[in-house]
file run_24.txt (compact mmCIF, C-alpha atoms)
# COMPACT_ATOMS: atom_id res chain seq x y z
CA MET C 54 -41.13 -42.26 -90.52
CA ARG C 55 -43.77 -39.55 -90.92
CA ALA C 56 -43.73 -38.94 -87.14
CA ARG C 57 -39.97 -38.43 -87.19
CA LEU C 58 -40.24 -35.90 -90.01
CA LEU C 59 -42.59 -33.86 -87.84
CA HIS C 60 -40.03 -33.60 -84.99
CA ALA C 61 -38.00 -30.75 -86.52
CA PRO C 62 -40.96 -28.41 -87.19
CA LEU C 63 -42.40 -29.12 -83.76
CA LEU C 64 -39.08 -28.34 -82.03
CA LEU C 65 -38.75 -25.11 -84.02
CA LEU C 66 -42.29 -24.10 -83.04
CA LEU C 67 -41.55 -24.88 -79.38
CA TYR C 68 -38.37 -22.76 -79.46
CA GLN C 69 -40.26 -19.78 -80.92
CA THR C 70 -43.25 -19.94 -78.59
CA VAL C 71 -41.69 -20.93 -75.25
CA PRO C 72 -39.44 -18.23 -73.71
CA ALA C 73 -35.81 -19.11 -73.07
CA ARG C 74 -33.96 -17.87 -70.02
CA VAL C 75 -30.17 -17.65 -70.22
CA GLU C 76 -28.37 -18.19 -66.94
CA PRO C 77 -24.84 -16.76 -67.41
CA ASP C 78 -21.80 -18.73 -66.35
CA SER C 79 -20.84 -17.95 -62.76
CA LEU C 80 -17.50 -17.44 -61.08
CA GLY C 81 -16.32 -19.94 -58.51
CA ARG C 82 -17.60 -20.33 -54.99
CA TYR C 83 -13.92 -20.55 -54.02
CA SER C 84 -11.28 -18.45 -55.75
CA LEU C 85 -7.50 -18.58 -55.34
CA THR C 86 -5.46 -15.68 -56.74
CA LEU C 87 -1.68 -15.56 -57.08
CA GLY C 88 -0.01 -12.25 -57.88
CA TYR C 89 3.35 -10.52 -58.18
CA GLY C 90 4.36 -6.95 -58.89
CA GLY C 91 6.68 -4.06 -58.19
CA GLY C 92 7.26 -0.36 -58.60
CA GLN C 93 8.62 2.70 -56.83
CA TRP C 94 7.42 4.98 -54.06
CA GLU C 95 8.89 8.25 -52.83
CA HIS C 96 9.53 8.81 -49.13
CA GLU C 97 9.28 12.54 -48.34
CA SER C 98 10.62 14.45 -45.32
CA PHE C 99 9.50 17.99 -44.43
CA ASP C 100 10.57 20.48 -41.76
CA CYS C 101 8.25 22.16 -39.28
CA GLU C 102 7.38 24.87 -41.80
CA GLY C 103 6.37 22.39 -44.47
CA ASN C 104 9.47 22.71 -46.62
CA LEU C 105 10.82 19.63 -48.32
CA VAL C 106 13.99 18.37 -46.62
CA ASP C 107 14.61 15.22 -48.62
CA ALA C 108 12.97 12.78 -51.02
CA VAL C 109 14.12 9.18 -51.29
CA ARG C 110 13.23 6.67 -53.97
CA VAL C 111 11.92 3.37 -52.56
CA PRO C 112 11.73 0.61 -55.20
CA TYR C 113 9.79 -2.45 -54.07
CA ARG C 114 8.65 -5.96 -54.99
CA SER C 115 5.62 -7.78 -53.63
CA GLY C 116 3.93 -11.13 -54.15
CA GLY C 117 1.44 -13.39 -52.46
CA ALA C 118 -1.95 -15.05 -52.57
CA GLN C 119 -5.61 -14.28 -51.91
CA LEU C 120 -8.41 -16.74 -51.13
CA ASP C 121 -12.10 -15.81 -51.51
CA ALA C 122 -14.86 -18.09 -50.23
CA TRP C 123 -18.55 -17.38 -50.86
CA LEU C 124 -20.36 -18.99 -47.93
CA SER C 125 -23.61 -17.98 -49.63
CA PRO C 126 -24.49 -15.79 -52.64
CA HIS C 127 -24.39 -12.78 -50.26
CA LEU C 128 -21.65 -13.65 -47.75
CA ARG C 129 -17.97 -13.54 -48.67
CA VAL C 130 -14.89 -14.37 -46.57
CA THR C 131 -11.45 -13.31 -47.86
CA ALA C 132 -7.95 -14.08 -46.58
CA PHE C 133 -4.78 -12.66 -48.13
CA GLY C 134 -1.05 -12.48 -47.46
CA GLY C 135 2.42 -12.31 -48.93
CA THR C 136 5.69 -10.40 -48.76
CA PHE C 137 6.52 -6.73 -49.32
CA ARG C 138 10.21 -5.96 -49.91
CA PRO C 139 11.26 -2.33 -50.42
CA MET C 140 14.77 -1.71 -51.65
CA PRO C 141 15.94 1.79 -50.65
CA ARG C 142 18.84 3.06 -52.70
CA PRO C 143 22.04 2.43 -50.67
CA ASP C 144 23.59 5.70 -51.82
CA SER C 145 20.71 7.89 -50.67
CA GLY C 146 21.99 8.24 -47.10
CA ALA C 147 18.50 9.30 -46.01
CA TYR C 148 15.83 7.82 -43.77
CA ALA C 149 12.78 6.02 -45.22
CA ASN C 150 9.93 4.37 -43.35
CA ASP C 151 10.65 0.71 -42.78
CA TYR C 152 7.86 -1.52 -44.11
CA TYR C 153 9.45 -4.87 -44.85
CA GLY C 154 8.47 -8.51 -44.63
CA GLY C 155 5.08 -10.11 -44.49
CA PHE C 156 1.64 -8.60 -44.90
CA GLY C 157 -1.75 -10.20 -44.51
CA GLY C 158 -5.30 -9.92 -43.36
CA ALA C 159 -8.85 -11.18 -43.55
CA GLN C 160 -12.23 -9.68 -44.35
CA LEU C 161 -15.86 -10.66 -43.86
CA ALA C 162 -18.27 -8.96 -46.27
CA TYR C 163 -21.97 -8.84 -47.02
CA GLU C 164 -22.58 -8.63 -50.77
CA GLY C 165 -26.11 -7.51 -51.61
CA ARG C 166 -27.19 -6.86 -55.16
CA HIS C 167 -26.89 -3.07 -54.88
CA PHE C 168 -24.94 -2.67 -51.62
CA GLY C 169 -21.91 -4.29 -50.04
CA ILE C 170 -19.97 -3.73 -46.83
CA GLY C 171 -17.08 -5.53 -45.16
CA ILE C 172 -14.48 -5.26 -42.41
CA GLY C 173 -11.54 -7.19 -41.02
CA PRO C 174 -7.96 -6.86 -39.74
CA ALA C 175 -4.85 -6.25 -41.86
CA HIS C 176 -1.18 -6.04 -40.88
CA VAL C 177 2.00 -4.79 -42.55
CA SER C 178 5.36 -5.86 -41.08
CA GLY C 179 8.51 -3.81 -40.51
CA TYR C 180 9.98 -1.42 -37.96
CA ASP C 181 7.28 1.11 -38.89
CA GLY C 182 4.72 -1.61 -39.54
CA PHE C 183 1.11 -1.18 -38.53
CA THR C 184 -2.23 -2.92 -38.13
CA GLY C 185 -5.47 -1.43 -39.39
CA PRO C 186 -8.97 -2.26 -40.65
CA ALA C 187 -9.44 -3.81 -44.07
CA SER C 188 -12.66 -1.96 -44.90
CA TYR C 189 -14.95 -2.28 -47.91
CA LEU C 190 -17.98 -0.27 -49.09
CA ARG C 191 -19.83 -0.69 -52.38
CA ILE C 192 -22.88 1.17 -53.67
CA GLY C 193 -24.32 -0.12 -56.93
CA ASN C 194 -24.79 -3.40 -58.79
CA LEU C 195 -21.78 -5.71 -58.34
CA ASP C 196 -22.48 -7.26 -61.75
CA GLY C 197 -22.93 -3.80 -63.30
CA VAL C 198 -21.41 -0.40 -62.46
CA TYR C 199 -20.85 0.68 -58.85
CA PHE C 200 -18.98 3.05 -56.53
CA LEU C 201 -16.26 1.43 -54.42
CA SER C 202 -14.28 2.65 -51.40
CA GLU C 203 -11.64 0.46 -49.70
CA ALA C 204 -8.78 0.72 -47.22
CA LEU C 205 -6.04 -1.92 -46.80
CA GLN C 206 -7.98 -3.87 -49.39
CA PRO C 207 -7.36 -7.61 -49.91
CA THR C 208 -4.65 -8.16 -52.52
CA PRO C 209 -2.00 -10.74 -53.41
CA ALA C 210 0.54 -7.94 -54.11
CA PHE C 211 0.65 -5.26 -51.42
CA SER C 212 0.19 -1.64 -52.58
CA SER C 213 -0.42 -2.62 -56.22
CA THR C 214 -3.55 -0.42 -55.99
CA GLY C 215 -2.34 1.72 -53.06
CA ILE C 216 -3.33 1.10 -49.45
CA GLY C 217 -6.69 2.77 -50.00
CA ARG C 218 -8.76 3.57 -53.05
CA ALA C 219 -12.09 5.02 -54.16
CA GLY C 220 -13.68 5.10 -57.58
CA VAL C 221 -15.90 3.30 -60.05
CA GLY C 222 -15.86 -0.44 -60.69
CA PHE C 223 -17.75 -2.60 -63.15
CA HIS C 224 -18.56 -6.29 -63.71
CA GLN C 225 -16.78 -7.86 -60.75
CA GLY C 226 -19.62 -9.89 -59.31
CA HIS C 227 -20.70 -13.51 -59.80
CA VAL C 228 -21.10 -13.29 -63.58
CA ARG C 229 -18.04 -14.27 -65.62
CA ARG C 230 -17.14 -11.32 -67.84
CA VAL C 231 -14.50 -8.63 -68.34
CA GLY C 232 -14.44 -6.26 -65.35
CA GLY C 233 -12.33 -3.53 -63.87
CA PHE C 234 -11.91 -0.47 -61.70
CA VAL C 235 -10.63 3.10 -62.09
CA GLY C 236 -10.21 5.69 -59.35
CA ILE C 237 -7.98 7.51 -56.87
CA ALA C 238 -5.55 5.74 -54.51
CA LEU C 239 -3.31 6.61 -51.58
CA PRO C 240 0.24 5.18 -51.42
CA PRO C 241 1.79 3.55 -48.34
CA PRO C 242 2.71 6.10 -45.63
CA TYR C 243 5.84 7.28 -47.41
CA ASN C 244 3.79 10.33 -48.45
CA GLY C 245 0.19 11.43 -48.74
CA LYS C 246 -0.17 12.25 -52.44
CA ALA C 247 -3.25 11.02 -54.29
CA MET C 248 -2.59 8.78 -57.29
CA LEU C 249 -4.49 7.25 -60.19
CA THR C 250 -5.19 3.53 -60.06
CA GLY C 251 -6.86 1.00 -62.31
CA SER C 252 -7.58 -2.73 -62.49
CA LEU C 253 -8.60 -5.10 -65.25
CA ARG C 254 -10.05 -8.63 -64.96
CA TYR C 255 -10.18 -10.84 -68.06
CA PRO C 256 -11.69 -14.37 -68.02
CA ALA C 257 -9.22 -16.32 -70.17
CA VAL C 258 -10.74 -19.82 -69.93
CA ARG C 259 -13.53 -21.51 -67.98
CA HIS C 260 -11.93 -21.43 -64.51
CA LEU C 261 -9.05 -18.99 -65.03
CA THR C 262 -9.18 -15.19 -64.88
CA LEU C 263 -6.17 -12.98 -65.59
CA GLN C 264 -5.82 -9.66 -63.82
CA LEU C 265 -3.72 -6.52 -64.01
CA ASP C 266 -3.44 -3.79 -61.35
CA ALA C 267 -1.62 -0.48 -61.73
CA VAL C 268 -1.10 2.77 -59.84
CA VAL C 269 0.69 5.92 -61.01
CA GLY C 270 1.31 9.41 -59.65
CA TRP C 271 3.87 12.09 -58.96
CA GLY C 272 6.22 12.97 -56.12
CA GLU C 273 8.26 15.96 -55.03
CA ARG C 274 11.29 14.79 -57.05
CA TYR C 275 10.54 11.35 -58.44
CA GLY C 276 7.63 9.69 -60.15
CA GLN C 277 5.68 7.02 -58.30
CA GLY C 278 3.91 3.98 -59.59
CA GLY C 279 3.65 0.24 -59.72
CA ALA C 280 1.95 -2.69 -61.41
CA ALA C 281 1.07 -6.28 -60.59
CA VAL C 282 -0.11 -9.24 -62.60
CA GLY C 283 -2.13 -12.14 -61.26
CA ALA C 284 -4.15 -15.22 -62.08
CA ARG C 285 -7.33 -16.33 -60.32
CA TYR C 286 -8.65 -19.91 -60.36
CA ASP C 287 -12.35 -20.44 -59.61
CA VAL C 288 -13.94 -23.62 -58.26
CA GLY C 289 -17.64 -24.36 -57.85
CA SER C 290 -20.48 -21.89 -58.23
CA PRO C 291 -21.98 -19.43 -55.70
CA SER C 292 -25.48 -20.46 -56.78
CA GLY C 293 -24.61 -24.14 -57.14
CA ARG C 294 -25.42 -24.09 -60.87
CA ALA C 295 -23.27 -23.86 -63.95
CA GLY C 296 -24.18 -21.51 -66.76
CA ARG C 297 -26.84 -22.95 -69.12
CA THR C 298 -29.88 -22.07 -71.20
CA VAL C 299 -33.22 -23.05 -69.67
CA ILE C 300 -36.50 -23.42 -71.54
CA ALA C 301 -39.04 -21.88 -69.21
CA ALA C 302 -42.64 -22.99 -69.18
CA PRO C 303 -45.06 -20.35 -70.49
CA GLN C 304 -47.09 -18.55 -67.86
CA GLN C 305 -50.82 -19.16 -67.85
call {"tool": "encode", "arguments": {"input": "run_24.txt", "output": "structure tokens"}}
result
Amino acid sequence: MRARLLHAPLLLLLYQTVPARVEPDSLGRYSLTLGYGGGQWEHESFDCEGNLVDAVRVPYRSGGAQLDAWLSPHLRVTAFGGTFRPMPRPDSGAYANDYYGGFGGAQLAYEGRHFGIGIGPAHVSGYDGFTGPASYLRIGNLDGVYFLSEALQPTPAFSSTGIGRAGVGFHQGHVRRVGGFVGIALPPPYNGKAMLTGSLRYPAVRHLTLQLDAVVGWGERYGQGGAAVGARYDVGSPSGRAGRTVIAAPQQ
């Protein structure tokens, strides 16, 4: 009985003298994101002297999926695709670039602690559809604050953050926590006006993260903007370990 009574003081002494290392909970090794959104762009036409000829509102809807696979803690493969459906106003009587139907792409990226780079193909359907590089460049800590520049970036909802963006992101690495992005974006090739864009990631429960993307700006006659909501489900762990507290042995 006396030995059992000594257990509590001994455990308390061990906790105070032996350092503890907290390993934060990690995101999944595989992540599936579903998203849907919509908004409005402005298609602009100019004459040879740069004067505005016409401006047409182009409402749109978009939805799809994105799959991220971490082959190692520093190597990521992403595939994404969905539909993009503009709805030009039938009474406009004016021409607007035709981007309609499916979109998709893939990207292979190296994710170092303070530097990341990636590239892959991306395609947008329609009469004026195009194929281009899905590029990615990050400078700074992925689990901290960093600079980010992307073009035709992976997304489950096309153009929800523009077709290119640059700015500051935070907390979007392996560690499960609230993260986001704020910066400047370019719209689809209806016009070339810079816009403001932002993203928010919120871990709701153990394997589920909610996300919100938005972009807003101005046009020659009409405002431009859009938003998308999504949910990401994470499976596994990039490091193969779940989050836990470890009692580390004292160094000699």
call {"tool": "atom_distance", "arguments": {"input": "run_24.txt", "atom1": "atom CA of Ala284 of chain C", "atom2": "atom CA of Leu85 of chain C"}}
result
8.2 Å
call {"tool": "residues_around", "arguments": {"input": "run_24.txt", "residues": "Phe133 of chain C", "least_positions_apart": "6", "cutoff": "6 Å", "atoms": "all atoms listed in the file", "output": "PyMOL selection string"}}
result
chain C and resi 118-119+157-158+207
call {"tool": "atom_distance", "arguments": {"input": "run_24.txt", "atom1": "atom CA of Thr131 of chain C", "atom2": "atom CA of Ala162 of chain C"}}
result
8.2 Å
call {"tool": "residues_around", "arguments": {"input": "run_24.txt", "residues": "Ala219 of chain C", "least_positions_apart": "2", "cutoff": "9 Å", "atoms": "all atoms listed in the file", "output": "ChimeraX atom specification"}}
result
/C:200-204,217,221,235-238
call {"tool": "write_last_selection", "arguments": {"input": "run_24.txt", "atoms": "C-alpha atoms", "output": "tab-separated table (two decimals), in the coordinates of the input"}}
result
chain	number	residue	atom	x	y	z
C	200	PHE	CA	-18.98	3.05	-56.53
C	201	LEU	CA	-16.26	1.43	-54.42
C	202	SER	CA	-14.28	2.65	-51.40
C	203	GLU	CA	-11.64	0.46	-49.70
C	204	ALA	CA	-8.78	0.72	-47.22
C	217	GLY	CA	-6.69	2.77	-50.00
C	221	VAL	CA	-15.90	3.30	-60.05
C	235	VAL	CA	-10.63	3.10	-62.09
C	236	GLY	CA	-10.21	5.69	-59.35
C	237	ILE	CA	-7.98	7.51	-56.87
C	238	ALA	CA	-5.55	5.74	-54.51
call {"tool": "closest_residue", "arguments": {"input": "run_24.txt", "among": "C:Ser84, C:Gln277, C:Ser212, C:Asn150", "to": "Gly289 of chain C", "atoms": "all atoms listed in the file"}}
result
C:Ser84
call {"tool": "residues_around", "arguments": {"input": "run_24.txt", "residues": "Tyr152 of chain C", "least_positions_apart": "5", "cutoff": "6 Å", "atoms": "all atoms listed in the file", "output": "ChimeraX atom specification"}}
result
/C:178-179,181-182
call {"tool": "decode", "arguments": {"input": "run_24.txt", "residues": "segment 199-212 of chain C", "atoms": "all heavy atoms", "output": "mmCIF file, in the first residue's frame"}}
result
data_model
loop_
_atom_site.group_PDB
_atom_site.id
_atom_site.type_symbol
_atom_site.label_atom_id
_atom_site.label_comp_id
_atom_site.auth_asym_id
_atom_site.auth_seq_id
_atom_site.Cartn_x
_atom_site.Cartn_y
_atom_site.Cartn_z
ATOM 1 N N TYR C 199 4.245 32.705 -45.425
ATOM 2 C CA TYR C 199 5.050 32.539 -46.630
ATOM 3 C C TYR C 199 4.480 33.369 -47.770
ATOM 4 O O TYR C 199 3.314 33.785 -47.751
ATOM 5 C CB TYR C 199 5.101 31.066 -47.046
ATOM 6 C CG TYR C 199 3.729 30.442 -47.225
ATOM 7 C CD1 TYR C 199 3.057 30.515 -48.444
ATOM 8 C CD2 TYR C 199 3.102 29.796 -46.171
ATOM 9 C CE1 TYR C 199 1.802 29.962 -48.608
ATOM 10 C CE2 TYR C 199 1.841 29.237 -46.325
ATOM 11 C CZ TYR C 199 1.200 29.329 -47.546
ATOM 12 O OH TYR C 199 -0.056 28.795 -47.703
ATOM 13 N N PHE C 200 5.328 33.596 -48.798
ATOM 14 C CA PHE C 200 4.894 34.231 -50.037
ATOM 15 C C PHE C 200 4.525 33.140 -51.025
ATOM 16 O O PHE C 200 5.221 32.134 -51.157
ATOM 17 C CB PHE C 200 6.007 35.102 -50.617
ATOM 18 C CG PHE C 200 5.735 35.553 -52.024
ATOM 19 C CD1 PHE C 200 4.878 36.617 -52.277
ATOM 20 C CD2 PHE C 200 6.316 34.899 -53.102
ATOM 21 C CE1 PHE C 200 4.607 37.022 -53.582
ATOM 22 C CE2 PHE C 200 6.062 35.306 -54.405
ATOM 23 C CZ PHE C 200 5.205 36.369 -54.637
ATOM 24 N N LEU C 201 3.425 33.349 -51.758
ATOM 25 C CA LEU C 201 2.928 32.342 -52.692
ATOM 26 C C LEU C 201 2.595 32.982 -54.026
ATOM 27 O O LEU C 201 1.972 34.046 -54.082
ATOM 28 C CB LEU C 201 1.671 31.675 -52.126
ATOM 29 C CG LEU C 201 0.975 30.648 -53.028
ATOM 30 C CD1 LEU C 201 1.853 29.415 -53.208
ATOM 31 C CD2 LEU C 201 -0.376 30.261 -52.447
ATOM 32 N N SER C 202 3.015 32.329 -55.121
ATOM 33 C CA SER C 202 2.667 32.752 -56.470
ATOM 34 C C SER C 202 2.225 31.517 -57.251
ATOM 35 O O SER C 202 2.940 30.515 -57.296
ATOM 36 C CB SER C 202 3.868 33.413 -57.159
ATOM 37 O OG SER C 202 3.555 33.741 -58.498
ATOM 38 N N GLU C 203 1.026 31.585 -57.874
ATOM 39 C CA GLU C 203 0.472 30.453 -58.600
ATOM 40 C C GLU C 203 -0.190 30.915 -59.889
ATOM 41 O O GLU C 203 -0.649 32.055 -59.990
ATOM 42 C CB GLU C 203 -0.584 29.730 -57.761
ATOM 43 C CG GLU C 203 -0.064 29.064 -56.530
ATOM 44 C CD GLU C 203 -1.162 28.328 -55.788
ATOM 45 O OE1 GLU C 203 -2.102 29.000 -55.316
ATOM 46 O OE2 GLU C 203 -1.091 27.085 -55.674
ATOM 47 N N ALA C 204 -0.257 30.001 -60.859
ATOM 48 C CA ALA C 204 -1.009 30.224 -62.087
ATOM 49 C C ALA C 204 -1.756 28.942 -62.426
ATOM 50 O O ALA C 204 -1.196 27.840 -62.319
ATOM 51 C CB ALA C 204 -0.081 30.610 -63.232
ATOM 52 N N LEU C 205 -3.040 29.072 -62.811
ATOM 53 C CA LEU C 205 -3.909 27.918 -63.050
ATOM 54 C C LEU C 205 -3.799 26.936 -61.889
ATOM 55 O O LEU C 205 -3.618 25.737 -62.072
ATOM 56 C CB LEU C 205 -3.561 27.241 -64.376
ATOM 57 C CG LEU C 205 -3.900 28.041 -65.639
ATOM 58 C CD1 LEU C 205 -3.431 27.304 -66.885
ATOM 59 C CD2 LEU C 205 -5.408 28.307 -65.723
ATOM 60 N N GLN C 206 -3.896 27.472 -60.698
ATOM 61 C CA GLN C 206 -3.696 26.698 -59.484
ATOM 62 C C GLN C 206 -4.761 25.623 -59.303
ATOM 63 O O GLN C 206 -5.910 25.781 -59.734
ATOM 64 C CB GLN C 206 -3.711 27.625 -58.256
ATOM 65 C CG GLN C 206 -4.983 28.436 -58.093
ATOM 66 C CD GLN C 206 -4.886 29.794 -58.768
ATOM 67 O OE1 GLN C 206 -4.090 29.974 -59.676
ATOM 68 N NE2 GLN C 206 -5.673 30.743 -58.300
ATOM 69 N N PRO C 207 -4.382 24.474 -58.700
ATOM 70 C CA PRO C 207 -5.363 23.419 -58.427
ATOM 71 C C PRO C 207 -6.511 23.953 -57.588
ATOM 72 O O PRO C 207 -6.315 24.678 -56.611
ATOM 73 C CB PRO C 207 -4.540 22.381 -57.647
ATOM 74 C CG PRO C 207 -3.135 22.586 -58.117
ATOM 75 C CD PRO C 207 -3.018 24.068 -58.322
ATOM 76 N N THR C 208 -7.733 23.589 -57.972
ATOM 77 C CA THR C 208 -8.927 24.054 -57.273
ATOM 78 C C THR C 208 -10.105 23.174 -57.649
ATOM 79 O O THR C 208 -10.177 22.681 -58.770
ATOM 80 C CB THR C 208 -9.232 25.519 -57.651
ATOM 81 O OG1 THR C 208 -10.459 25.918 -57.020
ATOM 82 C CG2 THR C 208 -9.373 25.683 -59.146
ATOM 83 N N PRO C 209 -11.046 22.952 -56.729
ATOM 84 C CA PRO C 209 -12.252 22.215 -57.087
ATOM 85 C C PRO C 209 -13.313 23.097 -57.746
ATOM 86 O O PRO C 209 -14.285 22.581 -58.296
ATOM 87 C CB PRO C 209 -12.745 21.683 -55.737
ATOM 88 C CG PRO C 209 -12.255 22.683 -54.753
ATOM 89 C CD PRO C 209 -10.942 23.169 -55.284
ATOM 90 N N ALA C 210 -13.155 24.425 -57.675
ATOM 91 C CA ALA C 210 -14.097 25.362 -58.292
ATOM 92 C C ALA C 210 -13.298 26.371 -59.104
ATOM 93 O O ALA C 210 -12.642 27.254 -58.554
ATOM 94 C CB ALA C 210 -14.943 26.063 -57.239
ATOM 95 N N PHE C 211 -13.331 26.232 -60.415
ATOM 96 C CA PHE C 211 -12.482 27.036 -61.296
ATOM 97 C C PHE C 211 -12.750 28.524 -61.125
ATOM 98 O O PHE C 211 -13.897 28.958 -61.068
ATOM 99 C CB PHE C 211 -12.718 26.632 -62.749
ATOM 100 C CG PHE C 211 -11.933 27.442 -63.739
ATOM 101 C CD1 PHE C 211 -10.556 27.286 -63.844
ATOM 102 C CD2 PHE C 211 -12.565 28.368 -64.543
ATOM 103 C CE1 PHE C 211 -9.834 28.033 -64.748
ATOM 104 C CE2 PHE C 211 -11.850 29.118 -65.460
ATOM 105 C CZ PHE C 211 -10.478 28.957 -65.555
ATOM 106 N N SER C 212 -11.685 29.294 -61.045
ATOM 107 C CA SER C 212 -11.651 30.756 -60.955
ATOM 108 C C SER C 212 -12.159 31.298 -59.630
ATOM 109 O O SER C 212 -12.362 32.496 -59.488
ATOM 110 C CB SER C 212 -12.413 31.407 -62.121
ATOM 111 O OG SER C 212 -13.810 31.388 -61.923
#
